[in-house]
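J.: Sending over entry-v5.cif (mmCIF, C-alpha atoms).
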```
data_start
loop_
_atom_site.label_atom_id
_atom_site.label_comp_id
_atom_site.auth_asym_id
_atom_site.auth_seq_id
_atom_site.Cartn_x
_atom_site.Cartn_y
_atom_site.Cartn_z
CA ALA Y 135 0.00 0.00 0.00
CA ILE Y 136 2.82 2.41 0.85
CA GLN Y 137 4.53 1.69 -2.47
CA LYS Y 138 1.27 2.06 -4.38
CA LEU Y 139 0.72 5.45 -2.74
CA LYS Y 140 4.20 6.54 -3.86
CA ASP Y 141 3.57 5.44 -7.42
CA CYS Y 142 0.12 6.94 -7.97
CA ARG Y 143 -1.49 10.21 -9.00
CA LEU Y 144 -4.38 11.93 -7.22
CA GLY Y 145 -6.53 14.28 -9.28
CA GLN Y 146 -8.18 17.25 -7.54
CA VAL Y 147 -10.86 18.68 -9.82
CA GLY Y 148 -11.50 22.20 -8.58
CA GLY Y 149 -10.47 23.57 -5.19
CA PRO Y 150 -11.93 22.41 -1.87
CA SER Y 151 -15.51 23.47 -1.16
CA PRO Y 152 -15.61 26.68 0.94
CA TRP Y 153 -16.67 24.81 4.09
CA ILE Y 154 -13.66 22.44 3.88
CA LEU Y 155 -11.40 24.13 6.40
CA THR Y 156 -8.24 22.18 5.52
CA SER Y 157 -6.19 22.32 2.33
CA LYS Y 158 -2.77 20.87 1.53
CA ASP Y 159 -0.21 21.55 -1.19
CA GLY Y 160 1.17 18.94 -3.52
CA ASP Y 161 4.69 18.97 -2.08
CA LEU Y 162 3.43 18.13 1.40
CA ILE Y 163 1.19 15.34 0.11
CA LYS Y 164 4.02 13.84 -1.93
CA ARG Y 165 6.50 14.01 0.95
CA ARG Y 166 4.22 12.76 3.73
CA ILE Y 167 1.91 10.26 2.03
CA GLY Y 168 3.27 9.62 -1.46
CA PRO Y 169 0.84 10.53 -4.27
CA GLU Y 170 1.53 13.15 -6.90
CA LEU Y 171 -1.25 15.77 -6.79
CA ILE Y 172 -2.64 16.79 -10.17
CA ARG Y 173 -4.80 19.93 -10.00
CA LEU Y 174 -7.49 20.15 -12.68
CA GLU Y 175 -10.38 22.48 -13.45
CA VAL Y 176 -14.07 21.60 -13.13
CA ALA Y 177 -14.49 23.09 -16.61
CA GLU Y 178 -12.36 20.30 -18.09
CA LEU Y 179 -14.61 17.66 -16.53
CA LEU Y 180 -17.71 19.48 -17.79
CA GLY Y 181 -16.18 19.57 -21.27
CA LEU Y 182 -15.75 15.81 -21.18
CA VAL Y 183 -19.36 15.42 -20.02
CA GLU Y 184 -20.52 17.25 -23.15
CA LYS Y 185 -18.49 14.91 -25.37
CA VAL Y 186 -19.89 11.67 -23.92
CA ASP Y 187 -21.71 9.49 -26.46
CA PRO Y 188 -25.44 9.88 -25.58
CA SER Y 189 -26.19 6.28 -26.57
CA GLU Y 190 -23.50 4.94 -24.24
CA ALA Y 191 -24.82 7.11 -21.40
CA GLY Y 192 -28.38 5.96 -22.14
CA ARG Y 193 -27.36 2.31 -22.05
CA LEU Y 194 -25.59 2.84 -18.70
CA ALA Y 195 -28.63 4.70 -17.33
CA GLY Y 196 -30.78 1.71 -18.21
CA GLU Y 197 -28.39 -0.63 -16.41
CA LEU Y 198 -28.58 1.57 -13.32
CA LYS Y 199 -32.39 1.43 -13.32
CA ASN Y 200 -32.30 -2.36 -13.51
CA LYS Y 201 -29.60 -2.68 -10.87
CA PHE Y 202 -31.31 -0.66 -8.14
CA GLY Y 203 -34.60 -1.45 -6.45
CA GLY Y 204 -36.29 1.74 -7.54
CA VAL Y 205 -36.08 5.33 -8.75
CA MET Y 206 -37.83 8.12 -6.85
CA GLU Y 207 -37.17 11.73 -7.89
CA PRO Y 208 -34.72 11.42 -10.82
CA SER Y 209 -36.02 11.65 -14.40
CA GLU Y 210 -34.66 9.69 -17.37
CA GLU Y 211 -32.63 12.78 -18.29
CA ASP Y 212 -31.17 12.89 -14.76
CA LEU Y 213 -30.09 9.25 -15.01
CA VAL Y 214 -28.45 9.84 -18.39
CA ASN Y 215 -26.67 12.95 -17.06
CA ALA Y 216 -25.40 11.04 -14.00
CA ALA Y 217 -24.07 8.33 -16.32
CA LYS Y 218 -22.34 11.01 -18.42
CA VAL Y 219 -20.53 12.34 -15.34
CA TYR Y 220 -19.28 8.84 -14.52
CA LEU Y 221 -18.03 8.27 -18.08
CA ALA Y 222 -16.34 11.69 -18.04
CA MET Y 223 -14.65 10.85 -14.73
CA ARG Y 224 -13.33 7.63 -16.24
CA GLU Y 225 -12.03 9.55 -19.25
CA LEU Y 226 -10.34 12.15 -17.04
CA ALA Y 227 -8.67 9.44 -14.94
CA SER Y 228 -7.42 7.71 -18.08
CA LYS Y 229 -6.12 10.96 -19.60
CA TYR Y 230 -4.00 11.87 -16.56
CA GLY Y 231 -3.17 8.39 -15.27
CA LEU Y 232 -5.09 8.89 -12.01
CA SER Y 233 -5.53 6.23 -9.32
CA ALA Y 234 -7.85 8.51 -7.35
CA VAL Y 235 -9.95 11.60 -7.96
CA THR Y 236 -11.78 14.13 -5.79
CA ILE Y 237 -14.17 16.70 -7.24
CA ARG Y 238 -15.55 20.05 -6.14
CA CYS Y 239 -18.89 18.44 -6.81
CA PHE Y 240 -21.15 21.31 -5.76
CA ASP Y 241 -19.91 23.17 -8.86
CA LEU Y 242 -21.56 20.43 -10.93
CA ILE Y 243 -24.91 21.19 -9.32
CA GLU Y 244 -24.90 24.61 -11.01
CA HIS Y 245 -25.19 22.62 -14.25
CA ASP Y 246 -27.94 20.32 -12.88
CA LEU Y 247 -25.40 17.50 -12.52
CA THR Y 248 -24.13 15.47 -9.56
CA GLY Y 249 -21.10 13.25 -9.14
CA CYS Y 250 -22.78 10.79 -6.77
CA ILE Y 251 -23.26 7.97 -9.30
CA GLY Y 252 -19.82 8.61 -10.78
CA MET Y 253 -18.19 8.40 -7.34
CA SER Y 254 -20.05 5.19 -6.55
CA MET Y 255 -19.15 3.40 -9.76
CA CYS Y 256 -15.52 4.54 -9.72
CA ASN Y 257 -15.08 3.22 -6.18
CA ASP Y 258 -16.63 -0.09 -7.25
CA LEU Y 259 -13.92 -0.37 -9.90
CA GLY Y 260 -11.03 0.52 -7.59
CA LEU Y 261 -10.63 4.11 -8.83
CA VAL Y 262 -10.84 5.81 -5.44
CA ALA Y 263 -13.25 8.76 -5.68
CA GLY Y 264 -14.19 11.32 -3.05
CA CYS Y 265 -16.39 14.35 -2.62
CA GLU Y 266 -15.97 18.11 -2.31
CA ALA Y 267 -12.23 18.16 -3.20
CA ASP Y 268 -11.43 17.35 0.46
CA LEU Y 269 -7.81 16.21 0.23
CA ASP Y 270 -7.40 15.00 3.84
CA ALA Y 271 -10.46 12.75 3.59
CA MET Y 272 -9.44 11.69 0.07
CA LEU Y 273 -5.98 10.59 1.24
CA THR Y 274 -7.65 8.64 4.05
CA MET Y 275 -9.82 6.86 1.48
CA MET Y 276 -6.76 6.03 -0.60
CA ILE Y 277 -4.89 4.62 2.39
CA VAL Y 278 -7.83 2.46 3.47
CA SER Y 279 -8.65 1.27 -0.05
CA PHE Y 280 -5.03 0.46 -0.90
CA LEU Y 281 -4.61 -1.47 2.37
CA THR Y 282 -7.76 -3.55 1.87
CA ASN Y 283 -8.30 -3.60 -1.90
CA GLU Y 284 -11.94 -2.79 -1.08
CA PRO Y 285 -14.01 0.39 -1.39
CA CYS Y 286 -14.66 2.61 1.61
CA TRP Y 287 -17.16 5.40 2.28
CA MET Y 288 -16.65 9.12 2.90
CA ALA Y 289 -19.49 10.61 4.93
CA ASN Y 290 -20.46 13.51 7.18
CA VAL Y 291 -20.87 13.21 10.92
CA VAL Y 292 -24.45 14.39 11.30
CA ARG Y 293 -25.49 13.30 14.80
CA VAL Y 294 -24.07 11.87 18.02
CA ASP Y 295 -25.88 10.16 20.89
CA GLU Y 296 -23.81 10.12 24.07
CA ASP Y 297 -26.30 7.91 25.93
CA ALA Y 298 -26.25 5.22 23.23
CA ASN Y 299 -22.57 5.93 22.42
CA THR Y 300 -23.38 6.14 18.72
CA VAL Y 301 -22.41 8.40 15.84
CA THR Y 302 -24.56 8.84 12.73
CA LEU Y 303 -22.93 9.32 9.32
CA ALA Y 304 -24.63 10.28 6.05
CA HIS Y 305 -23.78 11.10 2.42
CA CYS Y 306 -25.49 10.90 -0.96
CA THR Y 307 -23.06 8.46 -2.56
CA ILE Y 308 -21.58 5.09 -1.66
CA ALA Y 309 -19.93 2.27 -3.59
CA THR Y 310 -22.61 -0.25 -4.54
CA LYS Y 311 -20.24 -2.99 -3.33
CA MET Y 312 -20.79 -1.66 0.20
CA LEU Y 313 -24.58 -1.81 0.06
CA ALA Y 314 -26.16 -4.70 1.94
CA ASP Y 315 -28.68 -5.18 -0.86
CA VAL Y 316 -28.68 -3.09 -4.05
CA LYS Y 317 -32.24 -4.20 -4.78
CA LYS Y 318 -33.31 -2.61 -1.48
CA SER Y 319 -31.48 0.58 -2.46
CA VAL Y 320 -33.06 3.49 -4.31
CA LEU Y 321 -31.88 6.14 -6.75
CA ARG Y 322 -32.83 9.49 -5.24
CA SER Y 323 -32.14 13.16 -5.95
CA HIS Y 324 -29.12 14.81 -4.32
CA PHE Y 325 -30.27 15.82 -0.83
CA GLU Y 326 -29.12 19.45 -0.55
CA SER Y 327 -30.05 20.51 -4.08
CA GLY Y 328 -32.86 18.11 -5.02
CA LYS Y 329 -31.14 17.68 -8.39
CA CYS Y 330 -29.91 14.81 -10.58
CA VAL Y 331 -29.12 11.48 -8.83
CA GLY Y 332 -27.92 10.27 -5.43
CA ILE Y 333 -28.03 6.88 -3.71
CA GLN Y 334 -30.04 5.72 -0.71
CA GLY Y 335 -29.48 2.25 0.69
CA PRO Y 336 -28.69 -0.05 3.63
CA LEU Y 337 -25.22 -1.00 4.81
CA LYS Y 338 -24.23 -4.33 6.34
CA ASP Y 339 -24.68 -4.80 10.11
CA VAL Y 340 -21.02 -5.58 10.73
CA GLU Y 341 -17.92 -4.32 12.52
CA VAL Y 342 -16.49 -1.17 10.97
CA THR Y 343 -13.55 1.18 11.27
CA ILE Y 344 -13.83 4.96 11.02
CA ALA Y 345 -10.64 6.88 10.21
CA ARG Y 346 -9.46 10.36 9.26
CA LEU Y 347 -6.00 11.68 8.37
CA GLY Y 348 -5.27 15.27 9.26
CA GLY Y 349 -3.17 17.87 11.01
CA ARG Y 350 -1.32 20.81 9.45
CA GLU Y 351 1.42 18.49 8.19
CA LEU Y 352 -0.74 15.37 7.71
CA GLU Y 353 0.94 14.11 10.86
CA LYS Y 354 -2.11 12.67 12.66
CA MET Y 355 -4.71 9.99 12.12
CA MET Y 356 -7.78 9.33 14.23
CA ILE Y 357 -9.04 5.73 14.27
CA ALA Y 358 -12.24 4.47 15.87
CA ASP Y 359 -13.85 1.05 15.59
CA GLY Y 360 -17.36 -0.11 16.33
CA LYS Y 361 -20.39 -1.82 14.84
CA ILE Y 362 -23.24 -0.69 12.63
CA VAL Y 363 -26.48 -0.86 14.59
CA ARG Y 364 -28.83 0.81 12.09
CA SER Y 365 -28.77 1.97 8.49
CA ASP Y 366 -31.12 3.31 5.84
CA MET Y 367 -33.10 5.18 8.50
CA ARG Y 368 -34.65 7.40 5.80
CA ASP Y 369 -34.42 10.54 7.89
CA PRO Y 370 -35.69 13.29 5.55
CA ASP Y 371 -33.33 15.84 7.11
CA LEU Y 372 -30.11 13.97 6.24
CA CYS Y 373 -28.17 12.98 3.14
CA ARG Y 374 -29.64 9.93 1.45
CA THR Y 375 -27.45 7.04 2.68
CA GLN Y 376 -27.44 6.94 6.49
CA VAL Y 377 -25.80 4.72 9.10
CA GLU Y 378 -25.58 4.67 12.89
CA VAL Y 379 -22.44 3.18 14.44
CA ARG Y 380 -21.99 2.22 18.09
CA LEU Y 381 -18.36 2.92 18.93
CA ASN Y 382 -16.19 0.68 21.05
CA GLY Y 383 -14.56 3.82 22.44
CA GLY Y 384 -16.30 6.92 23.77
CA VAL Y 385 -18.29 9.26 21.54
CA LYS Y 386 -17.05 12.30 23.50
CA ASP Y 387 -13.48 11.24 22.77
CA PHE Y 388 -14.37 10.78 19.10
CA ILE Y 389 -15.75 14.32 18.82
CA ALA Y 390 -12.82 15.83 20.75
CA LYS Y 391 -10.23 14.16 18.52
CA SER Y 392 -11.97 14.36 15.14
CA LEU Y 393 -9.76 15.93 12.48
CA GLY Y 394 -12.67 17.01 10.28
CA ASN Y 395 -16.32 16.40 9.58
CA HIS Y 396 -15.71 14.06 6.66
CA GLN Y 397 -14.91 10.63 8.06
CA VAL Y 398 -14.01 7.44 6.19
CA LEU Y 399 -15.84 4.24 7.08
CA ALA Y 400 -14.67 0.76 6.06
CA TYR Y 401 -15.94 -2.72 6.83
CA GLY Y 402 -13.99 -4.80 9.37
CA ASN Y 403 -11.72 -3.92 12.28
CA LEU Y 404 -8.79 -2.30 10.46
CA THR Y 405 -7.26 -0.70 13.55
CA PRO Y 406 -4.20 -3.04 13.71
CA LEU Y 407 -3.53 -2.53 9.99
CA LEU Y 408 -3.85 1.26 10.23
CA ILE Y 409 -1.63 1.31 13.32
CA ASP Y 410 1.10 -0.47 11.35
CA PHE Y 411 0.68 1.94 8.43
CA CYS Y 412 0.97 4.97 10.72
CA ARG Y 413 4.11 3.60 12.38
CA PHE Y 414 5.77 3.08 8.99
CA LYS Y 415 4.83 6.62 7.90
CA GLY Y 416 5.59 8.41 11.19
CA ILE Y 417 1.97 9.43 11.71
CA GLU Y 418 0.75 10.17 15.22
CA LEU Y 419 -2.08 7.84 16.22
CA MET Y 420 -5.22 8.95 17.99
CA THR Y 421 -7.21 5.79 18.72
CA ILE Y 422 -10.68 6.03 20.24
#
```
Could you render the structure from this file as structure tokens?
T.:
Amino acid sequence: AIQKLKDCRLGQVGGPSPWILTSKDGDLIKRRIGPELIRLEVAELLGLVEKVDPSEAGRLAGELKNKFGGVMEPSEEDLVNAAKVYLAMRELASKYGLSAVTIRCFDLIEHDLTGCIGMSMCNDLGLVAGCEADLDAMLTMMIVSFLTNEPCWMANVVRVDEDANTVTLAHCTIATKMLADVKKSVLRSHFESGKCVGIQGPLKDVEVTIARLGGRELEKMMIADGKIVRSDMRDPDLCRTQVEVRLNGGVKDFIAKSLGNHQVLAYGNLTPLLIDFCRFKGIELMTI
């Protein structure tokens, strides 16, 4: 995993969203973690979207409809547009030799597009994809995915329950490989904007690890493990895919040590593996 990180390229399409309070330069990322950072413009991705073969996008949209258990808000045009974004992401990754990509996805919404389906399908294929051009969370995803050869999930911390010792995470995209049952999952609109396509579905009721790299010099990583106790709660006030995790450590400690709102969730107890990674890379551990 360490060697793969050294050999790969990470594409950042657009700068971090305004509410992402951390940003890192390419030299630091290369020195501390390994990847070469390639900065690209959202306009280039949008240009590739326009060049996508409509028939190919239509075929993919049909496959999506058949794969999922239902479609709520999105129209046929929305499904085709979501498929176009995915195909454009694939083209961009191929053009620049990217192993991972993160996109300032709210800029797509101005064009009635979302990256949620594109992110999901890229992660299914092993092209690590993350939201909102958040580099710290993106690097965490890359570390976890390269260590496990499995997709992981970037999500927002949206709620904590100190009495139950649980934390609730939510986002509008997730790799379909992580869904407990794709046929029980639904294609929805993007939560904040009500536009294009997002994903709502259940996760597996299994042990999980939540991690986040951070610090001014990428010198820290917080790791917490626990178990999923609920998912697909369908809370109308949260992003579409939702999960509640009961931590093995304390929720108060989790909040105090969190290095950002975007957390990365992976199946299984990966704490020993991440501890080894951090020791090799000289990263300070904050275990919960």
J.: For His324 (chain Y), work out the shell of residues within 8 Å, counting only C-alpha atoms and skipping chain neighbours fewer than 2 positions away, then give it as JSON, numbers by chain.
T.: {"Y": [248, 250, 306, 322, 326, 327, 328, 329, 330, 331, 332, 373, 374]}
J.: CA of Cys265 (chain Y) and CA of Leu180 (chain Y), how far apart in Å?
T.: 16.1 Å
J.: Would you kindly return, as a list in words, each protein, DNA or RNA residue with an atom no farther than 10 Å from any atom of Leu281 (chain Y), considering all atoms listed in the file and excluding same-chain residues fewer than 2 positions away?
T.: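 Listing them by chain and then by number gives Ala135, Ile136, Lys138, Met275, Met276, Ile277, Val278, Ser279, Asn283, Glu284, Leu404, Leu407, Leu408 and Phe411 of chain Y.
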J.: Mind dumping the selected residues with C-alpha atoms as a compact mmCIF listing (two decimals), keeping the file's coordinate frame?
T.:
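Produced file result_36.txt, reproduced below:
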```txt
# COMPACT_ATOMS: atom_id res chain seq x y z
CA ALA Y 135 0.00 0.00 0.00
CA ILE Y 136 2.82 2.41 0.85
CA LYS Y 138 1.27 2.06 -4.38
CA MET Y 275 -9.82 6.86 1.48
CA MET Y 276 -6.76 6.03 -0.60
CA ILE Y 277 -4.89 4.62 2.39
CA VAL Y 278 -7.83 2.46 3.47
CA SER Y 279 -8.65 1.27 -0.05
CA ASN Y 283 -8.30 -3.60 -1.90
CA GLU Y 284 -11.94 -2.79 -1.08
CA LEU Y 404 -8.79 -2.30 10.46
CA LEU Y 407 -3.53 -2.53 9.99
CA LEU Y 408 -3.85 1.26 10.23
CA PHE Y 411 0.68 1.94 8.43
```
J.: Pick the closest to Thr302 (chain Y) from Y:Ile163, Y:Leu399, Y:Val205, Y:Cys286: which is it, counting all atoms listed in the file?
T.: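 Closest to Thr302 (chain Y), using all atoms listed in the file: Y:Leu399.
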J.: Please write as JSON, numbers by chain the full residue list that the PyMOL selection byres ((chain Y and resi 159) around 12) yields on this file.
T.: {"Y": [146, 149, 150, 156, 157, 158, 160, 161, 162, 163, 164, 165, 166, 167, 169, 170, 171, 172, 173, 269, 270, 350, 351, 352]}
J.: Pull out every residue that the PyMOL selection byres ((chain Y and resi 285) around 10) matches in the shown coordinates and put them as a PDB file with C-alpha atoms, in the frame of the given file.
T.:
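Written output follows (out.pdb):
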```pdb
ATOM      1  CA  SER Y 254     -20.050   5.190  -6.550  1.00  0.00           C
ATOM      2  CA  CYS Y 256     -15.520   4.540  -9.720  1.00  0.00           C
ATOM      3  CA  ASN Y 257     -15.080   3.220  -6.180  1.00  0.00           C
ATOM      4  CA  ASP Y 258     -16.630  -0.090  -7.250  1.00  0.00           C
ATOM      5  CA  LEU Y 259     -13.920  -0.370  -9.900  1.00  0.00           C
ATOM      6  CA  GLY Y 260     -11.030   0.520  -7.590  1.00  0.00           C
ATOM      7  CA  LEU Y 261     -10.630   4.110  -8.830  1.00  0.00           C
ATOM      8  CA  VAL Y 262     -10.840   5.810  -5.440  1.00  0.00           C
ATOM      9  CA  ALA Y 263     -13.250   8.760  -5.680  1.00  0.00           C
ATOM     10  CA  MET Y 275      -9.820   6.860   1.480  1.00  0.00           C
ATOM     11  CA  MET Y 276      -6.760   6.030  -0.600  1.00  0.00           C
ATOM     12  CA  VAL Y 278      -7.830   2.460   3.470  1.00  0.00           C
ATOM     13  CA  SER Y 279      -8.650   1.270  -0.050  1.00  0.00           C
ATOM     14  CA  PHE Y 280      -5.030   0.460  -0.900  1.00  0.00           C
ATOM     15  CA  THR Y 282      -7.760  -3.550   1.870  1.00  0.00           C
ATOM     16  CA  ASN Y 283      -8.300  -3.600  -1.900  1.00  0.00           C
ATOM     17  CA  GLU Y 284     -11.940  -2.790  -1.080  1.00  0.00           C
ATOM     18  CA  CYS Y 286     -14.660   2.610   1.610  1.00  0.00           C
ATOM     19  CA  TRP Y 287     -17.160   5.400   2.280  1.00  0.00           C
ATOM     20  CA  ILE Y 308     -21.580   5.090  -1.660  1.00  0.00           C
ATOM     21  CA  ALA Y 309     -19.930   2.270  -3.590  1.00  0.00           C
ATOM     22  CA  THR Y 310     -22.610  -0.250  -4.540  1.00  0.00           C
ATOM     23  CA  LYS Y 311     -20.240  -2.990  -3.330  1.00  0.00           C
ATOM     24  CA  MET Y 312     -20.790  -1.660   0.200  1.00  0.00           C
ATOM     25  CA  LEU Y 399     -15.840   4.240   7.080  1.00  0.00           C
ATOM     26  CA  ALA Y 400     -14.670   0.760   6.060  1.00  0.00           C
ATOM     27  CA  TYR Y 401     -15.940  -2.720   6.830  1.00  0.00           C
TER      28      TYR Y 401
END
```
J.: Looking at Y:His305, Y:Arg346, Y:Lys318, Y:Lys354, which one is nearest to Val377 (chain Y), with distances taken over all atoms listed in the file?
T.: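 Answer, going by the shortest atom-to-atom distance: Y:His305.
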